[in-house]
$ cat structure.txt   # compact mmCIF, C-alpha atoms and all ligand atoms
# COMPACT_ATOMS: atom_id res chain seq x y z
CA MET A 1 85.41 89.09 114.56
CA GLN A 2 84.34 90.78 111.35
CA THR A 3 86.39 90.07 108.23
CA ASP A 4 86.65 91.34 104.66
CA ARG A 5 87.38 89.55 101.38
CA THR A 6 91.12 90.18 101.22
CA SER A 7 93.01 86.90 101.61
CA LEU A 8 94.84 86.41 104.89
CA LYS A 9 98.19 86.51 103.07
CA GLU A 10 97.43 89.91 101.56
CA LYS A 11 95.99 91.59 104.62
CA SER A 12 98.01 94.46 105.99
CA LEU A 13 99.73 94.07 109.33
CA VAL A 14 98.97 96.80 111.85
CA PHE A 15 101.10 97.43 114.95
CA ILE A 16 99.59 98.84 118.13
CA GLY A 17 100.88 99.45 121.65
CA PHE A 18 101.88 102.15 124.11
CA MET A 19 104.19 105.03 123.17
CA GLY A 20 107.83 104.08 122.88
CA VAL A 21 107.28 100.31 122.93
CA GLY A 22 109.09 100.00 119.59
CA LYS A 23 106.22 99.72 117.11
CA THR A 24 107.91 101.75 114.38
CA THR A 25 111.25 99.95 114.64
CA VAL A 26 109.72 96.46 114.70
CA ALA A 27 107.18 97.23 111.96
CA GLN A 28 109.92 98.61 109.74
CA ILE A 29 111.97 95.41 110.08
CA VAL A 30 108.90 93.23 109.46
CA ALA A 31 108.04 95.26 106.34
CA LYS A 32 111.54 94.87 104.97
CA LYS A 33 111.65 91.13 105.60
CA LEU A 34 108.23 90.58 103.99
CA TYR A 35 108.97 92.94 101.04
CA ARG A 36 106.04 95.18 101.96
CA ASP A 37 105.56 98.94 102.10
CA PHE A 38 105.99 100.43 105.56
CA ILE A 39 103.64 103.19 106.69
CA ASP A 40 104.14 105.19 109.87
CA ILE A 41 100.91 107.05 110.63
CA ASP A 42 102.59 109.73 112.78
CA TYR A 43 105.09 110.40 110.01
CA GLU A 44 102.26 110.81 107.47
CA ILE A 45 100.49 113.30 109.75
CA GLU A 46 103.68 115.26 110.44
CA LYS A 47 104.46 115.35 106.72
CA GLU A 48 101.02 116.73 105.89
CA PHE A 49 101.13 119.44 108.57
CA GLN A 50 104.84 120.10 108.01
CA MET A 51 105.57 120.08 111.74
CA PRO A 52 106.38 117.63 114.54
CA THR A 53 103.56 116.08 116.60
CA THR A 54 104.29 118.26 119.63
CA GLU A 55 103.74 121.39 117.52
CA ILE A 56 100.58 119.97 115.95
CA PHE A 57 99.18 119.41 119.46
CA ASN A 58 100.27 122.85 120.67
CA LEU A 59 99.38 124.95 117.63
CA LEU A 60 96.45 123.13 116.04
CA GLY A 61 95.12 121.03 118.93
CA GLU A 62 94.86 117.32 119.66
CA GLU A 63 91.45 117.07 117.97
CA LYS A 64 92.94 117.99 114.57
CA PHE A 65 95.69 115.41 115.09
CA ARG A 66 93.16 112.69 116.00
CA LYS A 67 90.99 113.46 112.98
CA LYS A 68 93.96 113.12 110.62
CA GLU A 69 95.08 110.00 112.46
CA LYS A 70 91.68 108.46 111.84
CA ASP A 71 91.67 109.39 108.14
CA TYR A 72 95.12 107.92 107.55
CA VAL A 73 94.55 104.69 109.51
CA LEU A 74 91.19 104.05 107.86
CA HIS A 75 92.80 104.56 104.48
CA TYR A 76 95.89 102.39 104.98
CA CYS A 77 94.47 99.50 107.01
CA LYS A 78 92.14 98.66 104.12
CA GLN A 79 94.91 98.44 101.57
CA PRO A 80 96.59 95.08 100.97
CA LEU A 81 100.22 94.19 101.67
CA LYS A 82 101.22 97.08 103.95
CA VAL A 83 102.85 97.11 107.35
CA VAL A 84 101.41 100.00 109.35
CA SER A 85 102.62 101.44 112.65
CA LEU A 86 99.97 103.35 114.65
CA GLY A 87 100.57 106.00 117.29
CA GLY A 88 99.82 104.76 120.80
CA GLY A 89 96.54 106.67 121.10
CA ALA A 90 95.08 105.72 117.72
CA PHE A 91 93.48 102.48 118.85
CA MET A 92 91.48 104.39 121.47
CA GLN A 93 89.25 105.62 118.61
CA GLU A 94 86.48 103.11 118.07
CA ALA A 95 86.35 103.64 114.30
CA ILE A 96 90.07 102.88 114.06
CA ARG A 97 89.75 99.72 116.18
CA GLU A 98 86.84 98.43 114.15
CA ALA A 99 88.46 99.12 110.78
CA CYS A 100 91.82 97.59 111.74
CA LEU A 101 90.26 94.44 113.19
CA LYS A 102 88.01 94.06 110.18
CA HIS A 103 90.51 94.69 107.38
CA SER A 104 93.99 93.88 108.72
CA ILE A 105 95.89 91.72 111.20
CA VAL A 106 96.55 93.58 114.44
CA PHE A 107 99.76 92.94 116.38
CA TYR A 108 99.95 94.30 119.89
CA LEU A 109 103.44 94.99 121.20
CA ASP A 110 103.13 94.75 124.97
CA ILE A 111 105.62 95.77 127.66
CA SER A 112 105.56 95.70 131.47
CA TRP A 113 105.22 98.99 133.34
CA ASP A 114 108.58 98.42 135.06
CA SER A 115 110.41 98.12 131.75
CA TRP A 116 108.50 100.96 130.13
CA LYS A 117 109.11 103.53 132.88
CA GLU A 118 112.87 103.23 132.28
CA ARG A 119 112.22 104.72 128.81
CA LEU A 120 110.11 107.67 129.92
CA HIS A 121 112.96 110.20 129.97
CA MET A 122 113.72 109.46 126.29
CA LEU A 123 110.11 109.91 125.22
CA VAL A 124 108.70 112.88 127.07
CA ASP A 125 110.02 115.69 124.83
CA SER A 126 108.45 114.28 121.67
CA ARG A 127 105.22 112.90 123.19
CA PRO A 128 102.75 115.66 124.11
CA VAL A 129 100.46 113.15 125.85
CA LEU A 130 103.19 112.50 128.45
CA GLN A 131 103.91 116.16 129.13
CA ASN A 132 102.68 117.91 132.31
CA LYS A 133 101.66 114.58 133.85
CA SER A 134 102.83 112.99 137.08
CA ILE A 135 104.32 109.50 136.96
CA ASP A 136 101.14 108.22 138.65
CA ASP A 137 98.96 109.76 135.94
CA ILE A 138 101.14 108.16 133.27
CA GLU A 139 100.94 104.78 135.00
CA ASP A 140 97.13 105.08 135.10
CA LEU A 141 97.06 105.90 131.39
CA PHE A 142 99.38 102.95 130.68
CA HIS A 143 97.07 100.48 132.45
CA GLU A 144 93.89 102.07 131.13
CA ARG A 145 95.06 101.79 127.52
CA LYS A 146 96.21 98.21 128.02
CA LYS A 147 92.54 97.21 128.32
CA THR A 148 91.81 98.60 124.86
CA TYR A 149 94.92 97.09 123.28
CA GLU A 150 93.57 93.70 124.40
CA GLU A 151 91.42 93.70 121.26
CA HIS A 152 94.12 92.38 118.93
CA ASN A 153 94.87 89.34 116.79
CA SER A 154 98.32 88.54 118.12
CA THR A 155 100.60 89.87 120.85
CA PHE A 156 104.20 89.83 121.95
CA ILE A 157 105.87 91.02 125.17
CA THR A 158 108.90 93.05 124.19
CA ASP A 159 110.55 93.48 127.63
CA ASN A 160 113.69 91.39 127.18
CA ASN A 161 113.90 91.15 123.41
CA ASP A 162 115.47 93.42 120.85
CA ALA A 163 113.52 94.64 117.82
CA GLU A 164 115.08 92.10 115.47
CA GLU A 165 114.02 89.19 117.72
CA VAL A 166 110.49 90.55 118.06
CA ALA A 167 110.24 90.99 114.28
CA ASP A 168 111.46 87.43 113.65
CA TYR A 169 108.96 86.01 116.13
CA ILE A 170 106.13 87.92 114.44
CA ILE A 171 107.18 86.80 110.99
CA ASP A 172 107.29 83.16 112.13
CA SER A 173 103.85 83.42 113.67
CA ILE A 174 102.34 85.11 110.62
CA LYS A 175 103.85 82.51 108.29
CA LEU A 176 102.37 79.76 110.43
CA ALA A 177 98.95 81.45 110.26
CA TRP A 178 99.24 81.72 106.47
CA GLU A 179 100.04 78.00 106.22
CA LEU A 180 97.29 76.96 108.58
CA TYR A 181 94.42 79.16 107.52
CA ASP A 182 94.81 80.41 103.98
C1 LIG B 201 100.36 109.29 121.06
C2 LIG B 201 101.40 108.51 120.65
C3 LIG B 201 102.41 108.96 119.68
C4 LIG B 201 101.79 110.02 118.75
C5 LIG B 201 101.19 111.12 119.55
C6 LIG B 201 100.08 110.64 120.49
C7 LIG B 201 99.42 108.76 122.10
O1 LIG B 201 102.89 107.86 118.89
O2 LIG B 201 100.82 109.44 117.93
O3 LIG B 201 102.22 111.73 120.29
O4 LIG B 201 98.35 109.33 122.33
O5 LIG B 201 99.77 107.71 122.70
P1 LIG B 201 103.89 106.71 119.47
O6 LIG B 201 103.03 105.66 120.08
O7 LIG B 201 104.58 106.24 118.24
O8 LIG B 201 104.78 107.35 120.43

$ encode --input "structure.txt" --output "structure tokens"
Amino acid sequence: MQTDRTSLKEKSLVFIGFMGVGKTTVAQIVAKKLYRDFIDIDYEIEKEFQMPTTEIFNLLGEEKFRKKEKDYVLHYCKQPLKVVSLGGGAFMQEAIREACLKHSIVFYLDISWDSWKERLHMLVDSRPVLQNKSIDDIEDLFHERKKTYEEHNSTFITDNNDAEEVADYIIDSIKLAWELYD
């Protein structure tokens, strides 16, 4: 793995994983407990375009969204002491993967398909990538993306845990890494 000169303790923590797995909620708790700034990439994009993601996709196109996503992630993952939540598709961009793995610590929040599909009805209105797709198409996308999320530094299966428990586990594991390797 490539590294940069930022000390392990100062590296930003980046959260990846499929839509609706709980990245934003967990990352927000982790940021608060570690006294760090929290950055939600989707929120930054929506703020800049002054519209929700669904409208950005519909009015401006996915390509514009992905370009902004790349600009924001490349900017924030290089800064020290942040906790950054990425949209579920961001890590599919090679430049984003490379930059995050080089400059930050990447946490993958995993979930089983069976648990995730229970959440679909709550997600579909605000996630353009899920719209106009059959359940089989969505399952294919879920498993396809899993392969790319495998390039991470640490992972946690969220199925039976609430966000607070996941955040505590992550904080314990990061503190152990700081003790062992810094
Ligand atoms: C996307 C995931 C969304 C958001 C956009 C595209 C994707 O973020 O970035 O709708 O391609 O998986 P969440 O993972 O926070 O839902």

$ closest_residue --input "structure.txt" --among "A:Val30, A:Gln131, A:Val14, A:Asp4" --to "Lys175 in chain A" --atoms "all atoms listed in the file"
A:Val30

$ residues_near_ligand --input "structure.txt" --ligand "ligand LIG 201 (chain B)" --cutoff "7 Å" --atoms "all atoms listed in the file" --output "list in words"
Gly17, Phe18, Met19, Gly20, Lys23, Thr24, Asp42, Thr53, Thr54, Leu86, Gly87, Gly88, Gly89, Ala90, Ser126, Arg127, Pro128 and Val129 of chain A

$ closest_residue --input "structure.txt" --among "A:Ile111, A:Ile96, A:Leu130, A:Ile105" --to "Leu13 in chain A" --atoms "only C-alpha atoms"
A:Ile105

$ residues_around --input "structure.txt" --residues "Asp159 in chain A" --least-positions-apart "4" --cutoff "9 Å" --atoms "only C-alpha atoms" --output "count of residues only"
6

$ residues_around --input "structure.txt" --residues "Tyr43 in chain A" --least-positions-apart "3" --cutoff "10 Å" --atoms "only C-alpha atoms" --output "PyMOL selection string"
chain A and resi 39-40+46-53+85-87

$ residues_around --input "structure.txt" --residues "Gln28 in chain A" --least-positions-apart "3" --cutoff "8 Å" --atoms "all atoms listed in the file" --output "list in words"
Thr24, Thr25, Ala31, Lys32, Phe38 and Val83 of chain A

$ residues_around --input "structure.txt" --residues "Ile135 in chain A" --least-positions-apart "6" --cutoff "12 Å" --atoms "all atoms listed in the file" --output "list in words"
Trp113, Trp116, Lys117, Glu118, Leu120, His121, Val124, Leu141 and Phe142 of chain A

$ closest_residue --input "structure.txt" --among "A:Arg145, A:Lys67, A:Lys133, A:His103" --to "Pro80 in chain A" --atoms "only C-alpha atoms"
A:His103

$ residues_near_point --input "structure.txt" --point "(94.1, 111.6, 117.0)" --cutoff "10 Å" --atoms "all atoms listed in the file" --output "MDAnalysis selection string"
chainID A and resid 42 45 57 61:71 87:93

$ residues_near_point --input "structure.txt" --point "(88.9, 96.5, 105.4)" --cutoff "7 Å" --atoms "all atoms listed in the file" --output "MDAnalysis selection string"
chainID A and resid 4 77:78 99 102:104

$ atom_distance --input "structure.txt" --atom1 "CA of Gln79 in chain A" --atom2 "CA of Thr6 in chain A"
9.1 Å

$ closest_residue --input "structure.txt" --among "A:Asp137, A:Glu55, A:Glu165, A:Glu98" --to "Asp125 in chain A" --atoms "all atoms listed in the file"
A:Glu55

$ residues_around --input "structure.txt" --residues "Lys82 in chain A" --least-positions-apart "5" --cutoff "6 Å" --atoms "only C-alpha atoms" --output "PDB file with C-alpha atoms, in the coordinates of the input"
ATOM      1  CA  SER A  12      98.010  94.460 105.990  1.00  0.00           C
ATOM      2  CA  ARG A  36     106.040  95.180 101.960  1.00  0.00           C
ATOM      3  CA  ASP A  37     105.560  98.940 102.100  1.00  0.00           C
TER       4      ASP A  37
END

$ axis_aligned_box --input "structure.txt" --around "range 162-174 of chain A" --padding-each-side "5 Å" --output "lines of an AutoDock Vina configuration file"
center_x = 108.9
center_y = 88.9
center_z = 115.7
size_x = 23.1
size_y = 21.5
size_z = 20.2

$ atom_distance --input "structure.txt" --atom1 "CA of Lys146 in chain A" --atom2 "CA of Gly22 in chain A"
15.5 Å

$ decode --input "structure.txt" --residues "range 76-103 of chain A" --atoms "N, CA and C atoms" --output "short mmCIF file (atom, residue, chain, number, x, y, z; two decimals), in the first residue's frame"
data_model
loop_
_atom_site.label_atom_id
_atom_site.label_comp_id
_atom_site.auth_asym_id
_atom_site.auth_seq_id
_atom_site.Cartn_x
_atom_site.Cartn_y
_atom_site.Cartn_z
N TYR A 76 -10.59 16.40 0.48
CA TYR A 76 -10.72 16.13 1.92
C TYR A 76 -9.89 14.95 2.43
N CYS A 77 -9.70 13.91 1.59
CA CYS A 77 -8.98 12.74 2.12
C CYS A 77 -7.51 13.06 2.38
N LYS A 78 -7.02 14.14 1.79
CA LYS A 78 -5.60 14.51 1.99
C LYS A 78 -5.41 15.39 3.21
N GLN A 79 -6.49 15.92 3.74
CA GLN A 79 -6.37 16.79 4.90
C GLN A 79 -6.29 15.96 6.18
N PRO A 80 -5.55 16.43 7.18
CA PRO A 80 -5.46 15.65 8.41
C PRO A 80 -6.69 15.81 9.30
N LEU A 81 -6.91 14.83 10.15
CA LEU A 81 -7.86 14.92 11.27
C LEU A 81 -9.33 15.14 10.88
N LYS A 82 -9.73 14.59 9.74
CA LYS A 82 -11.15 14.65 9.36
C LYS A 82 -11.76 13.26 9.47
N VAL A 83 -13.07 13.22 9.52
CA VAL A 83 -13.79 11.95 9.35
C VAL A 83 -14.73 12.19 8.16
N VAL A 84 -14.55 11.40 7.10
CA VAL A 84 -15.22 11.69 5.84
C VAL A 84 -16.12 10.53 5.43
N SER A 85 -17.38 10.83 5.14
CA SER A 85 -18.30 9.80 4.66
C SER A 85 -18.47 9.96 3.15
N LEU A 86 -18.20 8.87 2.42
CA LEU A 86 -18.32 8.89 0.94
C LEU A 86 -19.65 8.32 0.51
N GLY A 87 -20.18 8.80 -0.62
CA GLY A 87 -21.35 8.15 -1.21
C GLY A 87 -20.93 6.76 -1.69
N GLY A 88 -21.92 5.87 -1.79
CA GLY A 88 -21.63 4.47 -2.10
C GLY A 88 -20.96 4.20 -3.44
N GLY A 89 -21.07 5.15 -4.38
CA GLY A 89 -20.47 4.93 -5.70
C GLY A 89 -19.08 5.53 -5.82
N ALA A 90 -18.70 6.37 -4.85
CA ALA A 90 -17.45 7.13 -4.98
C ALA A 90 -16.23 6.23 -5.16
N PHE A 91 -16.19 5.16 -4.39
CA PHE A 91 -15.01 4.30 -4.39
C PHE A 91 -14.85 3.54 -5.71
N MET A 92 -15.88 3.60 -6.57
CA MET A 92 -15.76 2.94 -7.87
C MET A 92 -14.82 3.73 -8.79
N GLN A 93 -14.54 4.98 -8.44
CA GLN A 93 -13.61 5.79 -9.25
C GLN A 93 -12.18 5.49 -8.80
N GLU A 94 -11.37 5.07 -9.74
CA GLU A 94 -10.02 4.65 -9.40
C GLU A 94 -9.22 5.76 -8.68
N ALA A 95 -9.36 6.98 -9.17
CA ALA A 95 -8.59 8.09 -8.58
C ALA A 95 -8.98 8.29 -7.11
N ILE A 96 -10.26 8.09 -6.81
CA ILE A 96 -10.72 8.23 -5.43
C ILE A 96 -10.15 7.11 -4.57
N ARG A 97 -10.22 5.88 -5.08
CA ARG A 97 -9.67 4.72 -4.33
C ARG A 97 -8.20 4.94 -4.00
N GLU A 98 -7.45 5.32 -5.03
CA GLU A 98 -6.00 5.47 -4.85
C GLU A 98 -5.69 6.56 -3.83
N ALA A 99 -6.38 7.70 -3.95
CA ALA A 99 -6.09 8.82 -3.05
C ALA A 99 -6.47 8.47 -1.61
N CYS A 100 -7.62 7.84 -1.43
CA CYS A 100 -8.06 7.51 -0.07
C CYS A 100 -7.11 6.51 0.58
N LEU A 101 -6.71 5.49 -0.18
CA LEU A 101 -5.83 4.46 0.39
C LEU A 101 -4.43 5.01 0.65
N LYS A 102 -4.05 6.00 -0.12
CA LYS A 102 -2.72 6.58 0.07
C LYS A 102 -2.68 7.56 1.25
N HIS A 103 -3.73 8.38 1.38
CA HIS A 103 -3.65 9.49 2.33
C HIS A 103 -4.46 9.30 3.61
#
